Each structure stands twice: as structure tokens, then as C-alpha cells.
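File shown: protein24.cif (mmCIF, C-alpha atoms).
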data_structure
loop_
_atom_site.label_atom_id
_atom_site.label_comp_id
_atom_site.auth_asym_id
_atom_site.auth_seq_id
_atom_site.Cartn_x
_atom_site.Cartn_y
_atom_site.Cartn_z
CA MET A 1 -33.47 -11.35 20.73
CA ARG A 2 -35.46 -10.94 23.88
CA GLY A 3 -38.53 -10.59 21.65
CA ASP A 4 -36.93 -8.11 19.20
CA TYR A 5 -36.12 -8.99 15.63
CA LEU A 6 -32.67 -7.95 14.45
CA PRO A 7 -31.23 -8.12 10.94
CA LEU A 8 -28.37 -10.60 10.71
CA VAL A 9 -25.37 -9.75 8.57
CA ALA A 10 -23.25 -12.77 7.68
CA LEU A 11 -19.71 -11.41 7.65
CA HIS A 12 -18.45 -14.36 5.63
CA GLU A 13 -20.71 -13.26 2.79
CA VAL A 14 -19.60 -9.62 2.99
CA PHE A 15 -15.95 -10.63 2.92
CA ASP A 16 -16.27 -13.74 0.78
CA VAL A 17 -14.60 -16.07 3.29
CA GLN A 18 -14.70 -19.64 2.02
CA ASP A 19 -14.03 -21.69 5.15
CA ALA A 20 -16.12 -19.73 7.62
CA GLU A 21 -18.79 -21.18 9.87
CA LYS A 22 -21.92 -20.74 7.79
CA GLU A 23 -24.25 -22.70 10.04
CA ILE A 24 -25.99 -20.08 12.15
CA THR A 25 -26.48 -22.31 15.18
CA ARG A 26 -22.74 -23.02 15.37
CA ALA A 27 -21.62 -19.44 14.88
CA ILE A 28 -21.70 -16.47 17.18
CA ALA A 29 -23.88 -13.40 16.73
CA VAL A 30 -22.40 -10.11 17.83
CA ILE A 31 -25.07 -7.47 18.52
CA LEU A 32 -24.10 -4.00 17.31
CA GLN A 33 -25.73 -0.62 17.51
CA VAL A 34 -24.95 2.19 15.08
CA GLN A 35 -26.91 5.43 15.24
CA ASP A 36 -29.96 3.85 16.90
CA VAL A 37 -29.96 0.94 14.45
CA ARG A 38 -29.36 -2.44 16.06
CA PHE A 39 -28.24 -5.45 14.07
CA ALA A 40 -26.34 -8.69 14.52
CA LEU A 41 -23.08 -9.82 12.95
CA LEU A 42 -22.44 -13.50 12.30
CA VAL A 43 -18.87 -14.50 13.18
CA ASP A 44 -16.92 -17.76 13.87
CA HIS A 45 -15.39 -16.98 17.24
CA LEU A 46 -14.68 -14.14 19.54
CA VAL A 47 -10.95 -13.88 20.02
CA GLY A 48 -10.70 -11.06 22.50
CA GLN A 49 -10.95 -7.40 23.18
CA HIS A 50 -7.97 -5.18 22.48
CA GLN A 51 -7.02 -1.55 22.49
CA VAL A 52 -5.29 -1.03 19.20
CA VAL A 53 -3.46 1.55 17.17
CA VAL A 54 -5.47 2.31 14.05
CA LYS A 55 -3.47 2.33 10.84
CA ASN A 56 -4.70 4.04 7.70
CA LEU A 57 -5.07 1.77 4.67
CA GLU A 58 -5.37 4.61 2.23
CA ALA A 59 -1.84 5.86 2.83
CA ASN A 60 -0.39 3.07 0.74
CA TYR A 61 -3.43 1.47 -0.81
CA LYS A 62 -6.95 2.73 -1.14
CA LYS A 63 -10.38 2.65 0.46
CA ILE A 64 -11.67 -0.91 0.67
CA PRO A 65 -15.45 -1.37 0.85
CA GLY A 66 -16.53 -2.73 4.23
CA VAL A 67 -13.17 -2.00 5.85
CA SER A 68 -12.48 1.23 7.67
CA ALA A 69 -8.82 0.78 8.63
CA ALA A 70 -6.29 -1.78 9.78
CA THR A 71 -4.27 -2.48 12.89
CA ILE A 72 -1.24 -4.51 13.88
CA LEU A 73 -1.80 -7.20 16.49
CA GLY A 74 0.62 -8.28 19.18
CA ASP A 75 2.02 -11.10 17.04
CA GLY A 76 2.81 -8.70 14.20
CA SER A 77 -0.02 -9.76 11.93
CA VAL A 78 -2.41 -7.32 10.35
CA ALA A 79 -6.08 -7.25 11.36
CA LEU A 80 -8.68 -5.39 9.30
CA ILE A 81 -11.06 -3.09 11.13
CA VAL A 82 -14.60 -3.56 9.89
CA ASP A 83 -16.58 -0.56 8.73
CA VAL A 84 -19.55 -0.94 11.07
CA PHE A 85 -21.47 1.92 9.53
CA ALA A 86 -21.33 0.28 6.09
CA LEU A 87 -22.47 -3.02 7.61
CA MET A 88 -25.37 -1.24 9.23
CA GLN A 89 -26.40 0.02 5.81
CA THR A 90 -26.13 -3.53 4.49
CA SER A 91 -28.32 -4.77 7.32
CA GLN A 92 -31.01 -2.25 6.44
CA ASN A 93 -31.25 -3.75 2.97
CA GLN A 94 -31.87 -7.26 4.22
CA ARG A 95 -34.86 -9.19 5.54
CA PRO A 96 -34.65 -9.48 9.32
CA ALA A 97 -33.99 -12.91 10.87
CA THR A 98 -34.93 -13.98 14.35
CA VAL A 99 -31.99 -13.90 16.73
CA MET B 1 49.39 20.39 -14.14
CA SER B 2 46.22 20.99 -15.98
CA TYR B 3 42.78 19.58 -15.47
CA ASN B 4 41.16 18.54 -18.66
CA VAL B 5 37.50 17.86 -18.08
CA ASP B 6 36.13 15.95 -21.01
CA ALA B 7 32.43 16.78 -21.02
CA GLN B 8 31.67 14.05 -23.52
CA GLN B 9 33.28 11.44 -21.33
CA THR B 10 31.40 12.57 -18.24
CA SER B 11 28.03 12.09 -19.86
CA GLU B 12 29.05 8.66 -21.13
CA THR B 13 29.98 7.38 -17.69
CA THR B 14 26.84 8.58 -15.90
CA GLY B 15 24.42 5.72 -16.16
CA GLN B 16 21.53 4.57 -14.08
CA GLU B 17 21.39 1.68 -11.70
CA TYR B 18 18.71 -0.92 -12.25
CA LEU B 19 17.50 -3.72 -10.02
CA ILE B 20 17.14 -6.80 -12.22
CA PHE B 21 14.40 -9.27 -11.36
CA THR B 22 12.80 -12.18 -13.15
CA LEU B 23 9.20 -12.87 -14.00
CA ALA B 24 8.57 -16.14 -15.84
CA ALA B 25 12.15 -16.48 -17.08
CA GLN B 26 12.16 -12.94 -18.49
CA GLU B 27 14.44 -10.37 -16.93
CA TYR B 28 13.17 -6.91 -16.05
CA GLY B 29 14.93 -3.85 -14.72
CA ILE B 30 13.61 -1.06 -12.55
CA ASP B 31 15.20 2.11 -11.23
CA ILE B 32 17.03 1.10 -8.06
CA LEU B 33 16.14 4.38 -6.38
CA LYS B 34 12.51 3.30 -6.25
CA VAL B 35 13.38 0.13 -4.36
CA GLN B 36 13.15 0.42 -0.60
CA GLU B 37 14.06 -3.13 0.30
CA ILE B 38 13.78 -6.77 -0.74
CA ARG B 39 12.19 -9.41 1.43
CA GLY B 40 11.35 -13.08 1.16
CA TYR B 41 7.68 -13.86 0.69
CA ASP B 42 5.94 -15.41 3.67
CA ALA B 43 2.28 -16.13 2.96
CA GLN B 44 1.44 -16.24 6.64
CA THR B 45 2.37 -12.62 7.13
CA VAL B 46 -0.02 -11.39 4.43
CA THR B 47 -3.57 -10.60 5.54
CA ARG B 48 -6.03 -11.32 2.79
CA ILE B 49 -8.48 -8.59 1.79
CA ALA B 50 -11.90 -9.39 0.42
CA ASN B 51 -13.36 -8.10 -2.82
CA VAL B 52 -10.10 -6.96 -4.37
CA PRO B 53 -8.60 -8.17 -7.66
CA SER B 54 -6.87 -11.54 -7.47
CA PHE B 55 -3.42 -10.06 -8.01
CA VAL B 56 -3.69 -8.13 -4.74
CA LYS B 57 -2.54 -10.71 -2.22
CA GLY B 58 -3.41 -8.54 0.75
CA VAL B 59 -1.56 -6.33 3.18
CA THR B 60 1.39 -6.97 5.43
CA ASN B 61 3.04 -5.33 8.41
CA LEU B 62 6.36 -3.78 7.45
CA ARG B 63 7.82 -2.51 10.69
CA GLY B 64 4.58 -0.84 11.67
CA VAL B 65 3.47 0.28 8.20
CA ILE B 66 0.60 -1.43 6.40
CA VAL B 67 1.85 -2.26 2.90
CA PRO B 68 -0.24 -3.81 0.11
CA ILE B 69 1.32 -6.80 -1.63
CA VAL B 70 0.73 -7.32 -5.33
CA ASP B 71 1.63 -10.41 -7.35
CA MET B 72 2.69 -9.30 -10.85
CA ARG B 73 2.65 -12.88 -12.09
CA ILE B 74 -1.07 -13.10 -11.41
CA LYS B 75 -1.74 -9.66 -12.85
CA PHE B 76 -0.06 -10.53 -16.14
CA ASN B 77 -1.50 -14.03 -16.30
CA LEU B 78 1.84 -15.79 -16.20
CA GLU B 79 1.59 -19.56 -16.00
CA LYS B 80 3.78 -20.44 -13.08
CA VAL B 81 2.69 -18.77 -9.87
CA GLU B 82 4.63 -20.60 -7.20
CA TYR B 83 5.75 -19.46 -3.82
CA ASP B 84 9.08 -21.07 -3.01
CA HIS B 85 12.33 -20.16 -1.30
CA GLN B 86 13.36 -18.04 -4.26
CA THR B 87 10.22 -15.94 -4.39
CA VAL B 88 10.88 -12.42 -3.21
CA VAL B 89 8.89 -9.30 -2.53
CA VAL B 90 10.39 -6.08 -3.82
CA ILE B 91 9.25 -3.24 -1.58
CA LEU B 92 8.90 -0.09 -3.63
CA ASN B 93 8.72 3.48 -2.44
CA LEU B 94 6.85 5.45 -5.10
CA LYS B 95 6.28 9.11 -4.23
CA SER B 96 6.05 8.08 -0.56
CA ARG B 97 3.58 5.29 -1.29
CA VAL B 98 4.96 1.94 -0.19
CA VAL B 99 3.93 -1.14 -2.18
CA GLY B 100 5.29 -4.68 -2.27
CA VAL B 101 5.59 -6.60 -5.53
CA VAL B 102 6.03 -10.39 -5.65
CA VAL B 103 8.49 -11.54 -8.31
CA ASP B 104 10.12 -14.87 -9.16
CA GLY B 105 13.56 -13.75 -8.10
CA VAL B 106 16.04 -10.93 -7.99
CA SER B 107 19.31 -11.38 -9.85
CA ASP B 108 21.46 -8.27 -9.63
CA VAL B 109 21.93 -4.54 -9.63
CA LEU B 110 23.41 -3.24 -12.83
CA MET B 111 24.58 0.14 -13.96
CA LEU B 112 23.41 0.70 -17.49
CA GLN B 113 24.76 3.38 -19.77
CA GLN B 114 22.58 5.15 -22.29
CA SER B 115 24.51 3.28 -24.99
CA GLN B 116 23.28 -0.03 -23.64
CA ILE B 117 19.64 0.99 -23.78
CA SER B 118 17.56 0.90 -26.92
CA ALA B 119 13.96 1.75 -27.59
CA ALA B 120 11.32 -0.79 -26.63
CA PRO B 121 9.63 -2.79 -29.38
CA GLN B 122 5.90 -2.52 -29.80
CA PHE B 123 5.17 -6.13 -28.92
CA GLY B 124 6.50 -9.18 -27.16
CA THR B 125 6.20 -8.09 -23.55
CA ALA B 126 3.70 -8.86 -20.82
CA PHE B 127 2.42 -5.32 -20.54
CA ALA B 128 1.83 -2.25 -22.63
CA THR B 129 4.88 -0.49 -23.99
CA GLU B 130 3.83 2.80 -22.44
CA TYR B 131 5.28 1.50 -19.17
CA LEU B 132 8.62 0.56 -20.71
CA THR B 133 11.58 2.90 -20.72
CA GLY B 134 13.58 0.74 -23.10
CA ILE B 135 15.44 -2.52 -23.57
CA GLY B 136 18.81 -2.90 -21.92
CA THR B 137 21.51 -5.10 -23.35
CA VAL B 138 24.22 -6.56 -21.14
CA GLY B 139 26.25 -9.17 -22.91
CA GLU B 140 23.80 -11.84 -24.03
CA ARG B 141 21.06 -10.67 -21.70
CA MET B 142 18.04 -8.69 -22.72
CA LEU B 143 16.55 -6.65 -19.90
CA ILE B 144 13.13 -5.10 -20.18
CA LEU B 145 13.36 -1.75 -18.42
CA VAL B 146 10.11 -0.77 -16.77
CA ASP B 147 8.85 2.56 -15.46
CA ILE B 148 7.61 0.89 -12.31
CA GLU B 149 6.17 4.06 -10.86
CA LYS B 150 4.03 4.63 -13.93
CA LEU B 151 2.90 1.04 -13.96
CA MET B 152 1.99 0.83 -10.30
CA THR B 153 0.06 4.09 -10.27
CA SER B 154 -1.74 3.35 -13.50
CA GLU B 155 -5.48 2.89 -13.56
CA GLU B 156 -5.29 -0.68 -14.70
CA MET B 157 -3.50 -1.62 -11.54
CA ALA B 158 -6.17 0.21 -9.55
CA LEU B 159 -3.89 0.34 -6.56
CA VAL B 160 -4.52 3.97 -5.86
CA GLU B 161 -7.62 6.10 -5.92
CA ALA B 162 -7.72 7.93 -9.22
CA ALA B 163 -7.97 11.28 -7.49
CA ALA B 164 -4.90 10.61 -5.41
CA ILE B 165 -2.49 10.31 -8.33
CA ALA B 166 -0.25 13.39 -8.93
#

Could you write out this structure as C-alpha cells?
Amino acid sequence: MRGDYLPLVALHEVFDVQDAEKEITRAIAVILQVQDVRFALLVDHLVGQHQVVVKNLEANYKKIPGVSAATILGDGSVALIVDVFALMQTSQNQRPATV
Amino acid sequence: MSYNVDAQQTSETTGQEYLIFTLAAQEYGIDILKVQEIRGYDAQTVTRIANVPSFVKGVTNLRGVIVPIVDMRIKFNLEKVEYDHQTVVVILNLKSRVVGVVVDGVSDVLMLQQSQISAAPQFGTAFATEYLTGIGTVGERMLILVDIEKLMTSEEMALVEAAAIA
């Protein structure tokens, strides 16, 4: 990206999503920075930006790898909040791809 | 006028109320006090979670609380796992942990006396007898009474972090 190489983390592999967009050129890369490490996340679409109330998953369940917490969206459905730090660690273990 | 309190009679009439539900045509009973509510199962309201056992369907929003939903029929490898209009989710409140359990249906709430409960046999049920509190008999019906709190917090369910139990 602009001459820099960034590791690409395919979220559909991390979360084992069957019907995700696996073709890189048809998906969207979200550039993230965690503690001076920059990497890209491969996603299907961007839905929007929201301020949310963070709900603890461990109160009734337990710690899920890759997920830091959950939130409730406006339509009442539950959205999982991705553990960006854990994804950064995943990205460090991969070969970088050109973005 | 004299009050004659028959202590023997008092202990006979105090029973326990059980919620009776079915799993693969077998009836089970759990302590009604552990049941918070009963809801229909709507697959669209359950958010799938990755990398969890197949019997964990996901989590759902229960009036602002994130509750995990578990399908017992998958956990115990029962043949028919269908989601129809009769499928219900029993929301349990176990030591302030809220969990939802998908069952085939809920039939009634029964008060069982100690005299109607006998010890559980060592075989013939879907899960280990350590989770059973006994077998209830009501007329022709045989009800498998389950210690649902013990079952749900057990390590084989892996619903809770091991350190968090107690």
C-alpha cells in the first residue's frame, strides 16, 4: 500500500465463515494499526461506523479466541467485537502480501 | 380447638416443582427454580460464533443481555435436530449465569413428591448418571430428573472457564 507491504489477515479464515468473499480483488481490505504494527483485514463489506455499548461475553459464557466482546445493534441482533490485538499477533505469523 | 401439626404429613406434602421438557421423545425434568423463562427458537436472532463446539449455536440478545444458546440434541448426538414451531429455548439462570438450552418441547410443570422419585439407573440415558437426581414417576410417565446446574457447569460442556466454577 503506497509502496509498503502489509500482512493480510483473511477474517473468513480466522472465523471459519463458509460463504464469505474469498477472492481478494472483490473484497475490501481494512488497514489497522495496533501498537505500531500495521496490517490489513480482509472483509466482505463495510456496513457502517457506530458507537456501541460493549457487552461482556464472559459474564454468561467464556473467552472466545479472536473475539474481545459483543454488542447489540440497533435492530436487536448481536455483533461480535473482534480482538484486534490477537489478529495483529496472527498477522505477525504470516507471510506479507502486497496490498 | 386444638392445632394438631402432623410433622410426618408436612414432610410428605413438600415436594419440588419440575419443568418437564422433551428431548427425542424422552421426558426430562429440571428444577423449576433454575428456569428464568421459555422462548421460541428463532435462528435469525442467534449470532453464530466461530471455533466453538457444534452444540453451541451462538449468542442471542435477551433484553440487553448476551446469552449463549446451546443445543442439547446436538451435544448428545440425538438423531432428529429440527427447528420447528414446537422447538423452544429454556433460559436458565444458574448461579447468576444465564444460558439458553434448545429442547424439542416443553410439556408441563409438575410437583413431585419424594415418594414419586426413585434412584437413577446406571444406564439407558443420554448422559452420565452423575448429572441425574433420580427418576420421577407420574402415572405411566417416566421422567428423567436432571441436575441441570451440574450438567451445564461441567467440564464436558465447556461453557464456563474452569477457574470460574464455584

Proximal residues of chain A relative to chain B (all atoms listed in the file; 6 Å) as a compact mmCIF listing (two decimals) with C-alpha atoms, in the coordinates of the input:
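Done, and the output landed in result.txt:
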# COMPACT_ATOMS: atom_id res chain seq x y z
CA PHE A 15 -15.95 -10.63 2.92
CA ASN A 60 -0.39 3.07 0.74
CA TYR A 61 -3.43 1.47 -0.81
CA LYS A 62 -6.95 2.73 -1.14
CA VAL A 78 -2.41 -7.32 10.35

_From B:Leu112, B:Met152, B:Val101, B:Val106, residue lying nearest Glu27 (chain B) [all atoms listed in the file]_ =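 So, comparing all the options, the nearest one is B:Val106.
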
*What's the 7 Å shell around Leu78 (chain B), counting all atoms listed in the file, without same-chain residues fewer than 4 positions away, as a list of chain:residue names?*
B:Ala24, B:Arg73, B:Ile74

*Within 8 Å of Gln16 (chain B), counting all atoms listed in the file, which residues qualify if same-chain residues fewer than 6 places away don't, as a PyMOL selection string?*
chain B and resi 31+111-113

*Can you tell me how far CA of Leu46 (chain A) sits from CA of Gly3 (chain A), in Å to one decimal?*
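Going from CA of Leu46 (chain A) over to CA of Gly3 (chain A), I get 24.2 Å.
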
Copy region 2-92 of chain B out of the block into a file, keeping C-alpha atoms, as a PDB file, in the first residue's frame.
ATOM      1  CA  SER B   2     -56.572 -27.649  69.131  1.00  0.00           C
ATOM      2  CA  TYR B   3     -54.000 -27.493  66.402  1.00  0.00           C
ATOM      3  CA  ASN B   4     -52.522 -30.819  65.614  1.00  0.00           C
ATOM      4  CA  VAL B   5     -49.494 -30.395  63.425  1.00  0.00           C
ATOM      5  CA  ASP B   6     -48.595 -33.712  61.911  1.00  0.00           C
ATOM      6  CA  ALA B   7     -44.883 -33.448  61.189  1.00  0.00           C
ATOM      7  CA  GLN B   8     -44.916 -36.586  59.079  1.00  0.00           C
ATOM      8  CA  GLN B   9     -47.648 -35.206  56.871  1.00  0.00           C
ATOM      9  CA  THR B  10     -45.866 -31.904  56.374  1.00  0.00           C
ATOM     10  CA  SER B  11     -42.757 -33.541  55.011  1.00  0.00           C
ATOM     11  CA  GLU B  12     -44.836 -35.717  52.685  1.00  0.00           C
ATOM     12  CA  THR B  13     -46.581 -32.771  51.080  1.00  0.00           C
ATOM     13  CA  THR B  14     -43.460 -30.671  50.458  1.00  0.00           C
ATOM     14  CA  GLY B  15     -42.285 -31.662  47.034  1.00  0.00           C
ATOM     15  CA  GLN B  16     -40.321 -29.936  44.368  1.00  0.00           C
ATOM     16  CA  GLU B  17     -41.565 -28.429  41.168  1.00  0.00           C
ATOM     17  CA  TYR B  18     -40.014 -29.628  37.941  1.00  0.00           C
ATOM     18  CA  LEU B  19     -40.227 -28.235  34.443  1.00  0.00           C
ATOM     19  CA  ILE B  20     -40.799 -31.184  32.109  1.00  0.00           C
ATOM     20  CA  PHE B  21     -39.314 -30.994  28.627  1.00  0.00           C
ATOM     21  CA  THR B  22     -38.727 -33.481  25.859  1.00  0.00           C
ATOM     22  CA  LEU B  23     -35.577 -34.439  24.029  1.00  0.00           C
ATOM     23  CA  ALA B  24     -36.009 -37.091  21.336  1.00  0.00           C
ATOM     24  CA  ALA B  25     -39.281 -38.418  22.760  1.00  0.00           C
ATOM     25  CA  GLN B  26     -37.781 -38.813  26.232  1.00  0.00           C
ATOM     26  CA  GLU B  27     -39.098 -36.649  29.039  1.00  0.00           C
ATOM     27  CA  TYR B  28     -36.726 -34.841  31.377  1.00  0.00           C
ATOM     28  CA  GLY B  29     -37.359 -32.755  34.457  1.00  0.00           C
ATOM     29  CA  ILE B  30     -35.353 -29.883  35.874  1.00  0.00           C
ATOM     30  CA  ASP B  31     -35.775 -27.771  38.987  1.00  0.00           C
ATOM     31  CA  ILE B  32     -38.216 -25.030  38.044  1.00  0.00           C
ATOM     32  CA  LEU B  33     -36.368 -22.509  40.184  1.00  0.00           C
ATOM     33  CA  LYS B  34     -33.455 -22.619  37.762  1.00  0.00           C
ATOM     34  CA  VAL B  35     -35.674 -21.681  34.837  1.00  0.00           C
ATOM     35  CA  GLN B  36     -35.811 -17.977  34.083  1.00  0.00           C
ATOM     36  CA  GLU B  37     -38.091 -18.097  31.072  1.00  0.00           C
ATOM     37  CA  ILE B  38     -39.083 -20.085  27.999  1.00  0.00           C
ATOM     38  CA  ARG B  39     -38.876 -18.691  24.498  1.00  0.00           C
ATOM     39  CA  GLY B  40     -39.453 -19.940  20.986  1.00  0.00           C
ATOM     40  CA  TYR B  41     -36.322 -20.552  18.956  1.00  0.00           C
ATOM     41  CA  ASP B  42     -35.670 -18.083  16.166  1.00  0.00           C
ATOM     42  CA  ALA B  43     -32.492 -18.909  14.256  1.00  0.00           C
ATOM     43  CA  GLN B  44     -32.206 -15.382  12.921  1.00  0.00           C
ATOM     44  CA  THR B  45     -31.751 -13.943  16.377  1.00  0.00           C
ATOM     45  CA  VAL B  46     -28.772 -16.170  17.187  1.00  0.00           C
ATOM     46  CA  THR B  47     -25.349 -14.836  16.204  1.00  0.00           C
ATOM     47  CA  ARG B  48     -23.025 -17.642  15.266  1.00  0.00           C
ATOM     48  CA  ILE B  49     -19.631 -17.822  16.962  1.00  0.00           C
ATOM     49  CA  ALA B  50     -16.627 -19.316  15.241  1.00  0.00           C
ATOM     50  CA  ASN B  51     -14.409 -22.056  16.591  1.00  0.00           C
ATOM     51  CA  VAL B  52     -16.788 -23.282  19.270  1.00  0.00           C
ATOM     52  CA  PRO B  53     -18.221 -26.800  19.600  1.00  0.00           C
ATOM     53  CA  SER B  54     -21.109 -27.560  17.252  1.00  0.00           C
ATOM     54  CA  PHE B  55     -23.652 -27.727  20.066  1.00  0.00           C
ATOM     55  CA  VAL B  56     -23.066 -24.045  20.865  1.00  0.00           C
ATOM     56  CA  LYS B  57     -25.395 -22.345  18.419  1.00  0.00           C
ATOM     57  CA  GLY B  58     -24.138 -18.881  19.262  1.00  0.00           C
ATOM     58  CA  VAL B  59     -25.302 -15.974  21.359  1.00  0.00           C
ATOM     59  CA  THR B  60     -28.522 -14.024  21.408  1.00  0.00           C
ATOM     60  CA  ASN B  61     -29.773 -10.729  22.780  1.00  0.00           C
ATOM     61  CA  LEU B  62     -32.123 -11.284  25.708  1.00  0.00           C
ATOM     62  CA  ARG B  63     -33.380  -7.842  26.615  1.00  0.00           C
ATOM     63  CA  GLY B  64     -29.886  -6.400  26.569  1.00  0.00           C
ATOM     64  CA  VAL B  65     -28.031  -9.413  27.973  1.00  0.00           C
ATOM     65  CA  ILE B  66     -25.821 -11.567  25.764  1.00  0.00           C
ATOM     66  CA  VAL B  67     -26.868 -15.179  26.377  1.00  0.00           C
ATOM     67  CA  PRO B  68     -25.195 -18.254  24.863  1.00  0.00           C
ATOM     68  CA  ILE B  69     -27.542 -20.770  23.257  1.00  0.00           C
ATOM     69  CA  VAL B  70     -26.750 -24.463  23.476  1.00  0.00           C
ATOM     70  CA  ASP B  71     -28.496 -27.262  21.588  1.00  0.00           C
ATOM     71  CA  MET B  72     -28.633 -30.336  23.840  1.00  0.00           C
ATOM     72  CA  ARG B  73     -29.797 -32.508  20.963  1.00  0.00           C
ATOM     73  CA  ILE B  74     -26.544 -31.861  19.133  1.00  0.00           C
ATOM     74  CA  LYS B  75     -24.455 -32.301  22.265  1.00  0.00           C
ATOM     75  CA  PHE B  76     -25.931 -35.726  22.961  1.00  0.00           C
ATOM     76  CA  ASN B  77     -25.912 -36.809  19.334  1.00  0.00           C
ATOM     77  CA  LEU B  78     -29.657 -37.243  19.079  1.00  0.00           C
ATOM     78  CA  GLU B  79     -30.869 -38.073  15.585  1.00  0.00           C
ATOM     79  CA  LYS B  80     -33.571 -35.533  14.960  1.00  0.00           C
ATOM     80  CA  VAL B  81     -32.320 -31.979  15.226  1.00  0.00           C
ATOM     81  CA  GLU B  82     -35.117 -29.936  13.718  1.00  0.00           C
ATOM     82  CA  TYR B  83     -36.124 -26.389  14.344  1.00  0.00           C
ATOM     83  CA  ASP B  84     -39.885 -26.089  14.036  1.00  0.00           C
ATOM     84  CA  HIS B  85     -42.728 -24.246  15.701  1.00  0.00           C
ATOM     85  CA  GLN B  86     -42.521 -26.529  18.715  1.00  0.00           C
ATOM     86  CA  THR B  87     -38.832 -26.037  19.366  1.00  0.00           C
ATOM     87  CA  VAL B  88     -38.245 -23.954  22.455  1.00  0.00           C
ATOM     88  CA  VAL B  89     -35.327 -22.420  24.259  1.00  0.00           C
ATOM     89  CA  VAL B  90     -35.332 -22.810  28.021  1.00  0.00           C
ATOM     90  CA  ILE B  91     -33.490 -19.861  29.537  1.00  0.00           C
ATOM     91  CA  LEU B  92     -31.729 -20.972  32.692  1.00  0.00           C
TER      92      LEU B  92
END
